[in-house]
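Colleague: Encoded as structure tokens, here's the structure I'll be asking about.
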Amino acid sequence: MAKITGFLALAAFMAVTAAPALAQTDYLPRNVRIEVEFREYGESGKGIGAAQWRTGRNSSYTKQFIVVSDGLSASIFVGEEVPYVEYYVSFLYDNAYISSNVTIKEVGTKIKVEPRIIDNGSVEITLTPQISYLADRRRGVIDIQKLSTTVIAYDGQPLVIGGLEKDRDFDRHFFTTSSSRSLEIILTPHIQ
């Protein structure tokens with residue numbers, strides 16, 4: 001009886017020590033690749049009063065992607081840090097003293113994401129993509145395009161999660177310049 005018990009204990013020990021190596025691969029979280037595209041296109045025009053309008057076309061395309069494990073969060077930033085003047089005072093009396101308060105701002109593309117696989121075919125995604133650039137370096141103007149949302153999408157399904165449409169005809173009646181501009185932000189998850 002002791003030999004059988006010892007044999008069973010040895011077999012149970014071998015099964016327990018060998019099992020974790022196999023079981024660890026079964027319980028690893030799945031990865032999700034999140035792709036975010038910014039598509040911007042449109043026309044702009046200039047004119048004064050009844051003068052003839054000059055128009056031009058423009059377009060830009062930016063695609064960001066990041067891979068993250070199911071249920072965890074990740075972020076990526078590609079860009080530069082630039083000085084940004086928040087407060088500027090000039091005393092031109094006496095000694096012509098000039099004082100400024102300068103901070104550092106991040107300018108570039110950024111994405112923050114947290115996916116959660118709901119079942120084999122869909123993913124719940126909390127997402128915050130952002131594109132920023134210096135519109136006027138001398139005046140320190142930074143243009144920012146940012147969105148924050150939580151959506152559910154199927155694996156491989158492109159989903160338009162935000163955008164902007166600007167109408168040239170409306171602007172023409174109120175401003176001396178106008179533009180017809182569209183922006184689409186498209187999300188596509190891929191379960192790996």
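Going by the structure tokens order, chains are called A, B, ..., each with residues numbered from 1, while ligands are numbered from 1 in the order shown.
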Pick out the residues sitting within 9 Å of A:Gly108, and hand them over as an mmCIF file with all heavy atoms, in the first residue's frame; count only C-alpha atoms, and ignore anything fewer than 2 positions along from it in its own chain.

Modeller:
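New file around_23.cif:
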```
data_model
loop_
_atom_site.group_PDB
_atom_site.id
_atom_site.type_symbol
_atom_site.label_atom_id
_atom_site.label_comp_id
_atom_site.auth_asym_id
_atom_site.auth_seq_id
_atom_site.Cartn_x
_atom_site.Cartn_y
_atom_site.Cartn_z
ATOM 1 N N PHE A 77 3.378 58.555 -27.755
ATOM 2 C CA PHE A 77 3.508 59.958 -28.156
ATOM 3 C C PHE A 77 4.684 60.063 -29.107
ATOM 4 O O PHE A 77 5.777 59.589 -28.807
ATOM 5 C CB PHE A 77 3.734 60.868 -26.945
ATOM 6 C CG PHE A 77 4.091 62.280 -27.316
ATOM 7 C CD1 PHE A 77 3.136 63.124 -27.858
ATOM 8 C CD2 PHE A 77 5.372 62.764 -27.161
ATOM 9 C CE1 PHE A 77 3.450 64.420 -28.223
ATOM 10 C CE2 PHE A 77 5.706 64.054 -27.521
ATOM 11 C CZ PHE A 77 4.734 64.884 -28.054
ATOM 12 N N VAL A 78 4.459 60.669 -30.268
ATOM 13 C CA VAL A 78 5.511 60.934 -31.238
ATOM 14 C C VAL A 78 5.455 62.417 -31.546
ATOM 15 O O VAL A 78 4.451 62.909 -32.050
ATOM 16 C CB VAL A 78 5.305 60.109 -32.538
ATOM 17 C CG1 VAL A 78 6.402 60.418 -33.533
ATOM 18 C CG2 VAL A 78 5.248 58.626 -32.224
ATOM 19 N N GLY A 79 6.499 63.149 -31.204
ATOM 20 C CA GLY A 79 6.479 64.587 -31.429
ATOM 21 C C GLY A 79 7.660 65.263 -30.768
ATOM 22 O O GLY A 79 8.731 64.676 -30.644
ATOM 23 N N GLU A 80 7.435 66.478 -30.324
ATOM 24 C CA GLU A 80 8.491 67.258 -29.694
ATOM 25 C C GLU A 80 7.908 68.076 -28.558
ATOM 26 O O GLU A 80 6.700 68.287 -28.482
ATOM 27 C CB GLU A 80 9.157 68.176 -30.725
ATOM 28 C CG GLU A 80 8.217 69.207 -31.331
ATOM 29 C CD GLU A 80 8.891 70.091 -32.373
ATOM 30 O OE1 GLU A 80 10.090 70.377 -32.227
ATOM 31 O OE2 GLU A 80 8.213 70.488 -33.316
ATOM 32 N N GLU A 81 8.780 68.502 -27.670
ATOM 33 C CA GLU A 81 8.386 69.410 -26.601
ATOM 34 C C GLU A 81 8.865 70.798 -26.981
ATOM 35 O O GLU A 81 10.034 70.985 -27.318
ATOM 36 C CB GLU A 81 8.988 68.965 -25.265
ATOM 37 C CG GLU A 81 8.421 67.656 -24.772
ATOM 38 C CD GLU A 81 8.975 67.244 -23.423
ATOM 39 O OE1 GLU A 81 10.083 67.703 -23.060
ATOM 40 O OE2 GLU A 81 8.300 66.478 -22.744
ATOM 41 N N GLU A 106 3.765 69.504 -25.184
ATOM 42 C CA GLU A 106 4.010 68.432 -26.143
ATOM 43 C C GLU A 106 3.232 68.720 -27.418
ATOM 44 O O GLU A 106 2.039 69.010 -27.371
ATOM 45 C CB GLU A 106 3.576 67.084 -25.570
ATOM 46 C CG GLU A 106 4.437 66.599 -24.439
ATOM 47 C CD GLU A 106 4.002 65.240 -23.922
ATOM 48 O OE1 GLU A 106 2.838 64.855 -24.119
ATOM 49 O OE2 GLU A 106 4.841 64.560 -23.306
ATOM 50 N N LYS A 110 -0.472 61.682 -30.403
ATOM 51 C CA LYS A 110 -0.567 60.974 -29.137
ATOM 52 C C LYS A 110 -1.803 60.088 -29.174
ATOM 53 O O LYS A 110 -2.831 60.465 -29.748
ATOM 54 C CB LYS A 110 -0.700 61.998 -28.009
ATOM 55 C CG LYS A 110 -0.715 61.415 -26.617
ATOM 56 C CD LYS A 110 -1.034 62.472 -25.566
ATOM 57 C CE LYS A 110 0.023 63.519 -25.482
ATOM 58 N NZ LYS A 110 -0.170 64.439 -24.339
ATOM 59 N N GLN A 130 -4.938 62.204 -30.229
ATOM 60 C CA GLN A 130 -4.739 63.651 -30.343
ATOM 61 C C GLN A 130 -3.642 63.942 -31.348
ATOM 62 O O GLN A 130 -2.630 63.269 -31.371
ATOM 63 C CB GLN A 130 -4.348 64.227 -28.978
ATOM 64 C CG GLN A 130 -3.980 65.698 -29.014
ATOM 65 C CD GLN A 130 -3.596 66.214 -27.651
ATOM 66 O OE1 GLN A 130 -4.308 66.024 -26.686
ATOM 67 N NE2 GLN A 130 -2.461 66.867 -27.562
ATOM 68 N N ILE A 131 -3.872 64.958 -32.174
ATOM 69 C CA ILE A 131 -2.848 65.489 -33.069
ATOM 70 C C ILE A 131 -2.736 66.978 -32.778
ATOM 71 O O ILE A 131 -3.740 67.690 -32.726
ATOM 72 C CB ILE A 131 -3.207 65.272 -34.553
ATOM 73 C CG1 ILE A 131 -3.156 63.786 -34.888
ATOM 74 C CG2 ILE A 131 -2.263 66.046 -35.457
ATOM 75 C CD1 ILE A 131 -3.447 63.477 -36.331
ATOM 76 N N SER A 132 -1.505 67.464 -32.578
ATOM 77 C CA SER A 132 -1.291 68.887 -32.346
ATOM 78 C C SER A 132 -0.071 69.334 -33.135
ATOM 79 O O SER A 132 0.834 68.551 -33.404
ATOM 80 C CB SER A 132 -1.097 69.165 -30.854
ATOM 81 O OG SER A 132 -0.002 68.434 -30.354
ATOM 82 N N TYR A 133 -0.073 70.605 -33.505
ATOM 83 C CA TYR A 133 1.064 71.168 -34.242
ATOM 84 C C TYR A 133 1.107 72.671 -34.015
ATOM 85 O O TYR A 133 0.107 73.295 -33.656
ATOM 86 C CB TYR A 133 0.983 70.850 -35.743
ATOM 87 C CG TYR A 133 -0.274 71.322 -36.410
ATOM 88 C CD1 TYR A 133 -0.337 72.575 -37.014
ATOM 89 C CD2 TYR A 133 -1.411 70.529 -36.435
ATOM 90 C CE1 TYR A 133 -1.500 73.017 -37.623
ATOM 91 C CE2 TYR A 133 -2.576 70.953 -37.038
ATOM 92 C CZ TYR A 133 -2.613 72.199 -37.633
ATOM 93 O OH TYR A 133 -3.774 72.641 -38.227
#
```

Colleague: Residues near stretch 59-66 of chain A, anyone? I mean within 8 Å using only C-alpha atoms, not counting same-chain ones fewer than 5 positions away, as a PyMOL selection string.

Modeller: chain A and resi 33-42+74-76+109+111

Colleague: Let me see the file: selected residues, N, CA, C and O atoms, as a compact mmCIF listing (two decimals), in the first residue's frame.

Modeller:
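Wrote it out as result_12.txt, contents follow:
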```
# COMPACT_ATOMS: atom_id res chain seq x y z
N ARG A 33 -4.51 45.09 -31.38
CA ARG A 33 -3.85 46.18 -32.12
C ARG A 33 -4.92 47.21 -32.45
O ARG A 33 -5.92 46.90 -33.12
N ILE A 34 -4.73 48.44 -31.99
CA ILE A 34 -5.68 49.52 -32.22
C ILE A 34 -5.07 50.46 -33.25
O ILE A 34 -3.98 50.99 -33.04
N GLU A 35 -5.77 50.67 -34.37
CA GLU A 35 -5.34 51.61 -35.40
C GLU A 35 -6.28 52.81 -35.39
O GLU A 35 -7.49 52.64 -35.35
N VAL A 36 -5.71 54.02 -35.42
CA VAL A 36 -6.51 55.24 -35.46
C VAL A 36 -6.01 56.07 -36.63
O VAL A 36 -4.83 56.38 -36.72
N GLU A 37 -6.93 56.42 -37.54
CA GLU A 37 -6.59 57.21 -38.73
C GLU A 37 -7.25 58.58 -38.64
O GLU A 37 -8.42 58.67 -38.28
N PHE A 38 -6.50 59.62 -38.98
CA PHE A 38 -7.03 60.97 -39.12
C PHE A 38 -7.00 61.30 -40.60
O PHE A 38 -5.92 61.36 -41.19
N ARG A 39 -8.14 61.50 -41.22
CA ARG A 39 -8.22 61.89 -42.63
C ARG A 39 -8.84 63.28 -42.71
O ARG A 39 -9.97 63.49 -42.32
N GLU A 40 -8.06 64.22 -43.23
CA GLU A 40 -8.53 65.60 -43.34
C GLU A 40 -8.42 66.03 -44.80
O GLU A 40 -7.39 65.82 -45.44
N TYR A 41 -9.48 66.63 -45.31
CA TYR A 41 -9.48 67.08 -46.70
C TYR A 41 -10.47 68.22 -46.85
O TYR A 41 -11.35 68.41 -46.03
N GLY A 42 -10.27 69.01 -47.91
CA GLY A 42 -11.19 70.12 -48.14
C GLY A 42 -10.64 71.15 -49.08
O GLY A 42 -9.59 70.97 -49.70
N ALA A 74 -2.48 51.57 -22.56
CA ALA A 74 -1.21 51.93 -23.19
C ALA A 74 -1.34 53.31 -23.80
O ALA A 74 -2.44 53.79 -24.08
N SER A 75 -0.20 53.95 -24.03
CA SER A 75 -0.19 55.24 -24.71
C SER A 75 1.10 55.36 -25.50
O SER A 75 2.10 54.71 -25.20
N ILE A 76 1.04 56.20 -26.53
CA ILE A 76 2.20 56.46 -27.36
C ILE A 76 2.19 57.94 -27.72
O ILE A 76 1.13 58.52 -27.94
N THR A 109 1.77 63.66 -32.28
CA THR A 109 0.64 62.73 -32.26
C THR A 109 0.70 61.91 -30.98
O THR A 109 1.77 61.50 -30.53
N ILE A 111 -1.70 58.91 -28.57
CA ILE A 111 -2.86 58.03 -28.47
C ILE A 111 -2.81 57.34 -27.11
O ILE A 111 -1.75 56.91 -26.66
```

Colleague: So, counting only C-alpha atoms, which residue among A:Lys112, A:His190, A:Arg30, A:Arg137 is closest to A:Thr149?

Modeller: A:Lys112

Colleague: How far is it from atom CA of A:Ile118 to atom CA of A:Tyr154, in Å with one decimal?

Modeller: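 Between atom CA of A:Ile118 and atom CA of A:Tyr154 the gap is 9.8 Å.
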
Colleague: Go through A:Val67, A:Ile191, A:Val82, A:Ile144 one by one, measure the shortest atom-to-atom distance of each to A:Gln157 using only C-alpha atoms, and give the residue with the smallest value.

Modeller: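 Selected residue with least distance to A:Gln157: A:Ile191.
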
Colleague: Quick one, how far is atom CA of A:Leu134 from atom CA of A:Leu159?

Modeller: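 Going from atom CA of A:Leu134 over to atom CA of A:Leu159, I get 28.7 Å.
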